[in-house]
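Just below is one structure, and these are the notes that go with it.
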2 protein chains.
Amino acid sequence: MIKNHEQSNSGTVYFLLLAFLAISMVTPTRADEGMWPMDRVPRHYLQEQYGFTPDDAWIEHIQKSCIRFAGSGSASFVSPGGLVMTNHHVGSGAIRSVSSAEHDYIKDGFLAASAAEEIKCPNLQAEVLMAIRDVTDETNAAVSEGMPPETARRARTQRMDELAVAWGEERGLHAETVILFGGARRYVYLYKQYDDVRLVMAPEAGIAFLGGDNANFEYPRYNLDVSFFRVYENDQPLKVEHYLRWSSEGAGEGDLVLMAGHPYRTQRLATVDHLRFVRDIEIPCKLAAYNLREVSLLQFMARGSEQRRVGSGPLLRIQNGRKAYDGRLAGLYDIETIEDKLESQERMKAFVRKNPDLQSTYGAPWRDVAGVLGDAASYWFTYYLLEQMRQPFGDLFDVTKKLVRLETERTLPDIDRLPEYRKSEWDSLSREIASSAPLNLELEQVRLRDGLLTLARVLTGDNSVTAAALLGGKAPDVRAAEIMARTKLADPQFRLSLIGKGRPGLMMANDPLIKLVIRLDKSARAARKQYEDKFEARLQDAYSRIANIAFEAEADGVYPDATGTLRLSIGTVASYEEGSTSIPAMTTLGGAYQSSEHHASIEAWNLPERWVRAEEKIDKSVPFNFASTNDIIGGNSGSPAFNRQGEVVGIVFDGNIHGLVWDYQFTQQLGRAVSVDARGIIEALREVYDADRLVSELLATQN
Amino acid sequence: MIKNHEQSNSGTVYFLLLAFLAISMVTPTRADEGMWPMDRVPRHYLQEQYGFTPDDAWIEHIQKSCIRFAGSGSASFVSPGGLVMTNHHVGSGAIRSVSSAEHDYIKDGFLAASAAEEIKCPNLQAEVLMAIRDVTDETNAAVSEGMPPETARRARTQRMDELAVAWGEERGLHAETVILFGGARRYVYLYKQYDDVRLVMAPEAGIAFLGGDNANFEYPRYNLDVSFFRVYENDQPLKVEHYLRWSSEGAGEGDLVLMAGHPYRTQRLATVDHLRFVRDIEIPCKLAAYNLREVSLLQFMARGSEQRRVGSGPLLRIQNGRKAYDGRLAGLYDIETIEDKLESQERMKAFVRKNPDLQSTYGAPWRDVAGVLGDAASYWFTYYLLEQMRQPFGDLFDVTKKLVRLETERTLPDIDRLPEYRKSEWDSLSREIASSAPLNLELEQVRLRDGLLTLARVLTGDNSVTAAALLGGKAPDVRAAEIMARTKLADPQFRLSLIGKGRPGLMMANDPLIKLVIRLDKSARAARKQYEDKFEARLQDAYSRIANIAFEAEADGVYPDATGTLRLSIGTVASYEEGSTSIPAMTTLGGAYQSSEHHASIEAWNLPERWVRAEEKIDKSVPFNFASTNDIIGGNSGSPAFNRQGEVVGIVFDGNIHGLVWDYQFTQQLGRAVSVDARGIIEALREVYDADRLVSELLATQN
């Protein structure tokens with residue numbers, strides 16, 4: 001699955017870091033490469049290649065039909081009654097949050113027989129992009145000649161924030177700043193946010209992820225990785241003007257398929273040195289942490305059935321991340337990846353050499369990147385563990401960290417706050433902190449232990465005092481047990497009671513977990529500052545120069561690196577050749593039964609009971625999954641796949657293993673996006689789940 | 001289980017490294033601490049504490065009843081007909097080697113109904129210690145005054161080797177040199193070796209390791225971790241004079257229990273700095289490699305039932321190692337471990353300060369240890385991966401490495417050969433290289449991939465050329481697949497055909513695996529040389545001075561660190577208190593049923609079918625496992641537990657988690673050895689397995 005398996009702590013800070021330019025300097029023909037912002041849809045390419053020219057109304061319609069589930073993936077409206085379709089693995093956090101030991105909707109699936117039975121999911125927020133405004137000139141106007149770089153940067157940030165807040169308030173929408181092309185273009189995006197999202201239907205995890213880790217990132221596939229929710233407003237189903245109709249025909253091999261979703265991050269402009277850094281430092285550090293957590297989680301899950309239930313979600317995420325990093329690593333060890341990159345890099349350098357003006361304006365950014373990375377190995381892992389990795393110490397630690405930082409940042413002027421603690425974020429932060437989503441404290445203890453253990457390994461040498469202080473002379477497992485036995489933070493009411501009380505309030509609470517977080521916070525902030533100053537800012541500067549050189553070389557047909565914002569991807573349903581094996585573009589429902597039988601001894605390949613019972617009723621020739629050439633990446637999960645009429649033909653849920661290197665480089669020969677076919681969804685809903693209410697609502701949209 | 005989860009490649013080289021002195025300077029009362037060589041049995045302590053004074057005949061009898069299974073553990077003769085008892089997990093490699101997809105004796109167990117059905121195990125060699133000779137003075141006589149240290153070291157090695165070979169030839173036995181107390185005492189040990197060892201009985205892995213990884217190193221336990229073999233000579237069961245009789249009474253709480261086996265390695269004299277090095281560098285490096293392999297192996301096993309079968313053995317080893325290192329790490333993070341060590345270290349330093357002669361003779365060995373460790377972090381992992389870790393690239397790679405080195409070392413004078421490739425080792429090396437023990441090539445490919453991946457991570461920076469060359473610009477998985485598809489080395493006949501052909505013969509074979517091994521061998525030898533010169537030799541020197549200081553401080557009651565040679569351990573059956581929980585000394589067969597039911601949802605806790613069927617017949621009150629204070633460590637697995645009459649009361653198979661830190665420090669408060677009770681063995685053999693032939697043979701020995 002292509003879920004975001006890693007993301008930075010903050011929304012905003014992220015846009016400042018990673019929004020660089022990706023371009024097609026590698027291959028002379030672009031093919032279907034590109035993640036296009038909705039205001040930069042490549043109409044010429046679509047016209048030339050596919051004879052299709054989307055108009056403004058079409059683009060607006062697609063844009064407003066699409067949904068972002070921040071932090072988990074993409075989705076879309078598929079009925080006028082606010083019905084939302086996404087992947088099962090995108091919705092699984094929400095499904096899990098309304099499950100319990102008695103009602104395990106992950107294992108058993110869920111179907112609301114009526115609107116009254118639809119279950120409200122805590123912490124699930126749907127966001128719809130309503131408007132985009134280019135604020136590049138207005139922002140740059142805040143900078144006067146001769147300003148020192150840091151002052152200029154601050155001035156730009158402040159001006160963008162002001163513009164965003166003003167426009168957001170004017171329109172009554174949530175505003176976000178978006179920086180593309182290494183700062184060459186700056187935008188404000190306005191979102192309508194919906195907080196009441198209810199679960200309508202989820203299949204069993206057993207069919208949503210048939211084959212489990214074994215099948216992940218593989219193809220052919222047989223997964224019903226889909227779930228349905230509904231957005232409510234004022235306790236009523238939301239009436240929407242823009243939604244995608246259901247295709248009556250589906251898509252076949254060779255057909256144009258479009259996808260619109262929120263790819264999280266690409267680094268397509270990364271230099272050769274940077275790829276090596278990712279290969280030799282970043283991914284190995286990440287995999288070391290992931291491997292430890294996977295092993296630890298499996299031990300936890302082996303303790304009993306309830307542990308198995310609560311551990312299954314975290315396990316999926318970790319296994320998905322591990323397999324994704326493994327695949328990416330494989331791509332980076334492939335000399336062709338490095339050589340292709342080298343070639344395009346050399347071509348850009350040659351272009352600069354031929355244009356002395358460029359040279360004097362932009363210097364030698366490739367060398368500057370190498371310089372930044374040269375000494376980053378020593379601090380990168382500490383930064384990663386303390387500030388970038390997702391919940392390295394568990395959910396309870398994470399929410400406590402948010403509480404501690406909120407109460408600390410509260411006292412600063414808004415502009416000086418860490419971006420994710422600005423006033424605009426307080427509402428959602430408070431909701432998160434006081435969330436009543438269930439926490440398994442036994443699991444939290446394991447995760448705290450793992451985090452402390454990893455930390456103790458990382459904070460050796462100069463930092464060893466910190467690690468010793470954190471552990472208090474105890475083994476990580478003993479320390480974690482001690483803290484978990486005494487903390488009161490598992491109670492959401494207790495957390496809520498501390499919001500607004502400031503640091504003194506936190507100190508008065510005399511809670512061992514708060515103390516641990518406070519003690520670690522100094523190191524975490526120091527690691528972040530070191531990273532931001534020595535790594536991020538300097539890389540951003542170098543990459544913005546590379547982006548500008550690329551602009552000058554090839555002004556046309558450029559798209560920005562992914563930034564978690566809405567993008568359109570273009571592709572066709574396509575088979576491929578792997579070695580001497582021909583991989584078909586499409587699979588069928590019958591294939592799910594065959595594959596399950598073929599892997600009979602593997603639990604993850606066992607079909608759920610309902611599927612076994614429905615075998616006779618199902619039309620096995622109905623398409624189930626398909627592969628296509630769309631340029632997608634983590635965060636695209638749940639993006640609708642649709643035809644030129646904007647009709648749903650499927651929903652993307654994965655890429656194959658050859659697509660994992662797309663983080664750094666798009667390749668169309670073997671890399672594929674993998675989707676559930678719309679026809680397979682309807683057949684399963686009808687024959688396996690008897691979900692007539694849902695089927696009627698979907699098919700009623702057909703033209 | 002306390003299997004050796006890690007060992008160096010060679011027998012002899014190991015004795016040179018790790019044979020230091022362990023002493024009781026920490027606690028004023030020794031308690032049951034000590035791993036006593038058979039020529040240093042602490043008769044006074046036994047007399048004072050237990051009123052038991054073993055005579056020479058008793059000691060010889062125990063010594064010659066005990067067996068070493070080199071590389072896997074300990075065992076003992078338990079009948080005059082050459083019947084051998086060991087742990088299931090010690091015998092599991094052999095059991096596995098005679099299993100197949102059709103006959104899975106690991107899963108289903110095995111019982112030979114008659115002598116004719118006993119199955120010969122390839123590569124299983126039983127060794128019995130026949131004689132010990134102190135050659136300290138003869139060895140030292142080889143050194144003349146003023147010899148440079150390296151020359152002296154070489155002279156000593158050569159003299160010891162000569163003495164060993166001469167005595168071995170004279171007696172027609174296998175000779176090994178053993179260095180104890182950091183070189184203060186030197187020995188030749190003579191072994192009788194038996195190559196025809198046949199499987200008699202093995203229970204199902206499901207009861208031998210009930211609870212699996214979940215129960216490993218935990219207590220209370222319910223494991224029938226026992227298996228029976230028989231030594232043959234000239235195709236007839238061996239008639240033995242020395243064997244342990246079966247106790248008719250067993251042992252109860254508070255009873256003296258003795259154990260004799262082959263503890264592999266302790267580091268009880270390690271300095272505080274050294275413990276920190278182990279904690280911050282050694283174990284984290286090892287765990288990183290172990291975690292990767294565990295995750296990878298679980299993915300492999302998820303591919304199907306045959307993969308699950310062949311992967312289960314390696315998985316056990318890896319999980320056992322991982323849990324052992326986790327436990328050791330926990331012990332080392334405990335400030336008490338460090339403080340206790342610091343205290344005894346300070347006491348020794350004070351002793352030196354009071355004796356200026358000692359100071360001038362021995363210098364400041366603690367500071368020297370710190371100096372050696374100071375810069376070892378940079379090369380330790382490379383050495384570990386290339387020369388110390390057990391089969392980091394898989395079994396096929398390992399056997400190929402042996403072949404390549406044998407053919408390379410062959411051309412050198414014996415004294416210049418790597419110790420494990422001296423002429424005396426050629427027979428067993430050739431047997432290993434040409435062994436027909438089955439190899440699963442799919443698994444070997446996974447292991448090769450894991451090794452290459454780990455190597456690529458380690459060989460960055462200065463070494464990156466090597467890693468790139470090894471991978472040939474391919475991803476590790478692609479490279480491993482390529483090599484495995486083309487190598488012919490899986491065929492034992494092919495390997496056999498290359499023995500004696502020298503390096504030219506190897507080159508002519510034009511085999512990709514041989515080429516890989518040869519390419520890596522240069523780095524491996526360089527890493528080993530660096531380690532031996534910069535680490536091992538200098539540590540050995542410092543520790544031999546610490547050992548000598550300890551000798552001077554406390555001449556009496558010292559025992560040497562473990563060296564894989566026969567040692568006697570003293571203890572009593574004893575309960576303990578864990579927090580507020582009282583842990584009983586003994587468990588019963590009934591407890592196995594209760595525990596299995598309590599953990600019903602966990603596969604590893606499911607009792608085998610035979611046990612379920614036998615539930616009504618079994619006497620549930622019969623003792624099953626017991627805890628005792630014997631000082632044991634990895635390598636002791638399979639050691640018989642016996643009473644002062646030398647009668648078998650059980651067989652040790654594990655230590656609890658608190659005993660893991662015994663590598664560095666013995667503690668009697670919580671640490672325990674864990675054994676199968678002799679009475680539980682008989683009850684199970686009789687009622688569950690209907691093993692009447694075996695029971696009769698065992699009970700016929702009773703007095």
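Residue numbering restarts at 1 for every chain of the structure tokens, chains are lettered A, B, ... in their displayed order, and ligands are numbered from 1 as they appear.
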
### Task
Find the spatial neighbours of Asn510 (chain A), counting only C-alpha atoms, within a cut-off of 12 Å - ignore same-chain residues fewer than 3 positions away - and output them as an MDAnalysis selection string.
chainID A and resid 483 486:489 498 503:507 513:516 518

Can you list every residue of chain A that has an atom at most 9 Å from chain B, with its nearest atom pair and the distance in Å to one decimal, using only C-alpha atoms, ordered by chain then number, as JSON lines?
{"residue": "A:Asp213", "atom": "CA", "partner": "B:Gln299", "partner_atom": "CA", "distance": 7.7}
{"residue": "A:Asn214", "atom": "CA", "partner": "B:Ala302", "partner_atom": "CA", "distance": 6.7}
{"residue": "A:Arg279", "atom": "CA", "partner": "B:Arg457", "partner_atom": "CA", "distance": 8.7}
{"residue": "A:Asp280", "atom": "CA", "partner": "B:Arg457", "partner_atom": "CA", "distance": 6.2}
{"residue": "A:Ile281", "atom": "CA", "partner": "B:Arg457", "partner_atom": "CA", "distance": 8.3}
{"residue": "A:Pro284", "atom": "CA", "partner": "B:Arg457", "partner_atom": "CA", "distance": 6.9}
{"residue": "A:Leu287", "atom": "CA", "partner": "B:Leu292", "partner_atom": "CA", "distance": 8.4}
{"residue": "A:Ala288", "atom": "CA", "partner": "B:Ala288", "partner_atom": "CA", "distance": 6.2}
{"residue": "A:Ala289", "atom": "CA", "partner": "B:Ala288", "partner_atom": "CA", "distance": 8.8}
{"residue": "A:Asn291", "atom": "CA", "partner": "B:Asn291", "partner_atom": "CA", "distance": 5.6}
{"residue": "A:Leu292", "atom": "CA", "partner": "B:Asn291", "partner_atom": "CA", "distance": 6.0}
{"residue": "A:Glu294", "atom": "CA", "partner": "B:Val295", "partner_atom": "CA", "distance": 7.3}
{"residue": "A:Val295", "atom": "CA", "partner": "B:Asn291", "partner_atom": "CA", "distance": 6.6}
{"residue": "A:Gln299", "atom": "CA", "partner": "B:Asn214", "partner_atom": "CA", "distance": 6.8}
{"residue": "A:Phe300", "atom": "CA", "partner": "B:Asn214", "partner_atom": "CA", "distance": 8.8}
{"residue": "A:Ala302", "atom": "CA", "partner": "B:Ile602", "partner_atom": "CA", "distance": 6.3}
{"residue": "A:Arg303", "atom": "CA", "partner": "B:Asn214", "partner_atom": "CA", "distance": 6.9}
{"residue": "A:Gly304", "atom": "CA", "partner": "B:Ile602", "partner_atom": "CA", "distance": 5.8}
{"residue": "A:Ser305", "atom": "CA", "partner": "B:Ser601", "partner_atom": "CA", "distance": 5.7}
{"residue": "A:Leu329", "atom": "CA", "partner": "B:Ala475", "partner_atom": "CA", "distance": 7.6}
{"residue": "A:Ala330", "atom": "CA", "partner": "B:Ala475", "partner_atom": "CA", "distance": 4.6}
{"residue": "A:Gly331", "atom": "CA", "partner": "B:Ala475", "partner_atom": "CA", "distance": 6.9}
{"residue": "A:Leu332", "atom": "CA", "partner": "B:Ala475", "partner_atom": "CA", "distance": 7.6}
{"residue": "A:Tyr333", "atom": "CA", "partner": "B:Ala475", "partner_atom": "CA", "distance": 4.7}
{"residue": "A:Asp334", "atom": "CA", "partner": "B:Lys474", "partner_atom": "CA", "distance": 4.7}
{"residue": "A:Ile335", "atom": "CA", "partner": "B:Gly473", "partner_atom": "CA", "distance": 4.5}
{"residue": "A:Glu336", "atom": "CA", "partner": "B:Gly473", "partner_atom": "CA", "distance": 7.9}
{"residue": "A:Ala456", "atom": "CA", "partner": "B:Asp280", "partner_atom": "CA", "distance": 8.1}
{"residue": "A:Arg457", "atom": "CA", "partner": "B:Asp280", "partner_atom": "CA", "distance": 6.2}
{"residue": "A:Val458", "atom": "CA", "partner": "B:Asp280", "partner_atom": "CA", "distance": 9.0}
{"residue": "A:Thr460", "atom": "CA", "partner": "B:Asp280", "partner_atom": "CA", "distance": 7.0}
{"residue": "A:Ala468", "atom": "CA", "partner": "B:Tyr333", "partner_atom": "CA", "distance": 8.6}
{"residue": "A:Leu471", "atom": "CA", "partner": "B:Tyr333", "partner_atom": "CA", "distance": 8.2}
{"residue": "A:Gly472", "atom": "CA", "partner": "B:Ile335", "partner_atom": "CA", "distance": 8.3}
{"residue": "A:Gly473", "atom": "CA", "partner": "B:Ile335", "partner_atom": "CA", "distance": 4.5}
{"residue": "A:Lys474", "atom": "CA", "partner": "B:Asp334", "partner_atom": "CA", "distance": 4.7}
{"residue": "A:Ala475", "atom": "CA", "partner": "B:Ala330", "partner_atom": "CA", "distance": 4.6}
{"residue": "A:Pro476", "atom": "CA", "partner": "B:Ala330", "partner_atom": "CA", "distance": 6.9}
{"residue": "A:Asp477", "atom": "CA", "partner": "B:Ala330", "partner_atom": "CA", "distance": 7.4}
{"residue": "A:Val478", "atom": "CA", "partner": "B:Ala330", "partner_atom": "CA", "distance": 8.3}
{"residue": "A:His599", "atom": "CA", "partner": "B:Gly304", "partner_atom": "CA", "distance": 6.6}
{"residue": "A:Ala600", "atom": "CA", "partner": "B:Gly304", "partner_atom": "CA", "distance": 8.1}
{"residue": "A:Ser601", "atom": "CA", "partner": "B:Ser305", "partner_atom": "CA", "distance": 5.7}
{"residue": "A:Ile602", "atom": "CA", "partner": "B:Gly304", "partner_atom": "CA", "distance": 5.9}
{"residue": "A:Glu603", "atom": "CA", "partner": "B:Ala302", "partner_atom": "CA", "distance": 8.4}
{"residue": "A:Ala604", "atom": "CA", "partner": "B:Ala302", "partner_atom": "CA", "distance": 8.4}

#### Entry: Atomic distance CA of Trp246 (chain A) - CA of Val649 (chain A), expressed in Å with one decimal
7.1 Å

### Query
So how far away is CA of Leu566 (chain B) from CA of Phe666 (chain B), in Å?
18.6 Å

#### Entry: Non-local contacts of Val573 (chain B) (10 Å; only C-alpha atoms; under 4 positions in same chain excluded) as a PyMOL selection string
chain B and resi 251-257+584-586+626-630+672-675

Those same residues, written as a short mmCIF file (atom, residue, chain, number, x, y, z; two decimals), in the first residue's frame with C-alpha atoms?
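Okay, again-v1.cif is ready:
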data_model
loop_
_atom_site.label_atom_id
_atom_site.label_comp_id
_atom_site.auth_asym_id
_atom_site.auth_seq_id
_atom_site.Cartn_x
_atom_site.Cartn_y
_atom_site.Cartn_z
CA ALA B 251 15.84 -33.30 43.34
CA GLY B 252 13.61 -31.06 45.45
CA GLU B 253 13.77 -27.44 46.55
CA GLY B 254 16.95 -26.76 48.49
CA ASP B 255 18.78 -29.84 47.19
CA LEU B 256 22.33 -29.63 45.88
CA VAL B 257 22.41 -29.97 42.09
CA PRO B 584 8.18 -21.41 42.59
CA ALA B 585 11.30 -23.52 42.13
CA MET B 586 9.47 -26.31 40.33
CA PHE B 626 12.99 -26.61 37.89
CA ALA B 627 15.05 -23.50 38.64
CA SER B 628 18.43 -23.65 40.36
CA THR B 629 21.30 -21.35 41.26
CA ASN B 630 23.94 -23.07 39.09
CA ARG B 672 18.42 -18.95 37.69
CA ALA B 673 19.36 -21.92 35.55
CA VAL B 674 16.30 -23.78 34.23
CA SER B 675 16.22 -27.58 33.78
#

### Message
Would you pick out the contacts of Thr136 (chain A) at 7 Å or less, using only C-alpha atoms, so that residues sharing its chain but fewer than 3 positions from it are not included, and give the list as a ChimeraX atom specification?
### Response
/A:139-140,185-187

Restricting the output to C-alpha atoms, write the selected residues as a compact mmCIF listing (two decimals), in the first residue's frame.
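part08.txt, written as the output of this step:
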# COMPACT_ATOMS: atom_id res chain seq x y z
CA THR A 139 5.10 37.72 -1.05
CA ASN A 140 8.21 38.87 -2.81
CA ARG A 185 6.14 30.03 -6.89
CA ARG A 186 4.13 30.60 -3.71
CA TYR A 187 0.47 29.89 -3.10

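Between Tyr194 (chain B) and the candidates B:Ala614, B:Ile632, B:Ala126, B:Leu83, the tightest atom-to-atom separation, counting only C-alpha atoms, involves B:Ala126.
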
### Task
Run DSSP on the backbone of this structure and report the residues of region 80-311 of chain B it assigns to alpha helix (DSSP H), as a PyMOL selection string.
chain B and resi 88-97+105-108+136-140+149-171+205-208+212-215+272-277+283-301+305-311
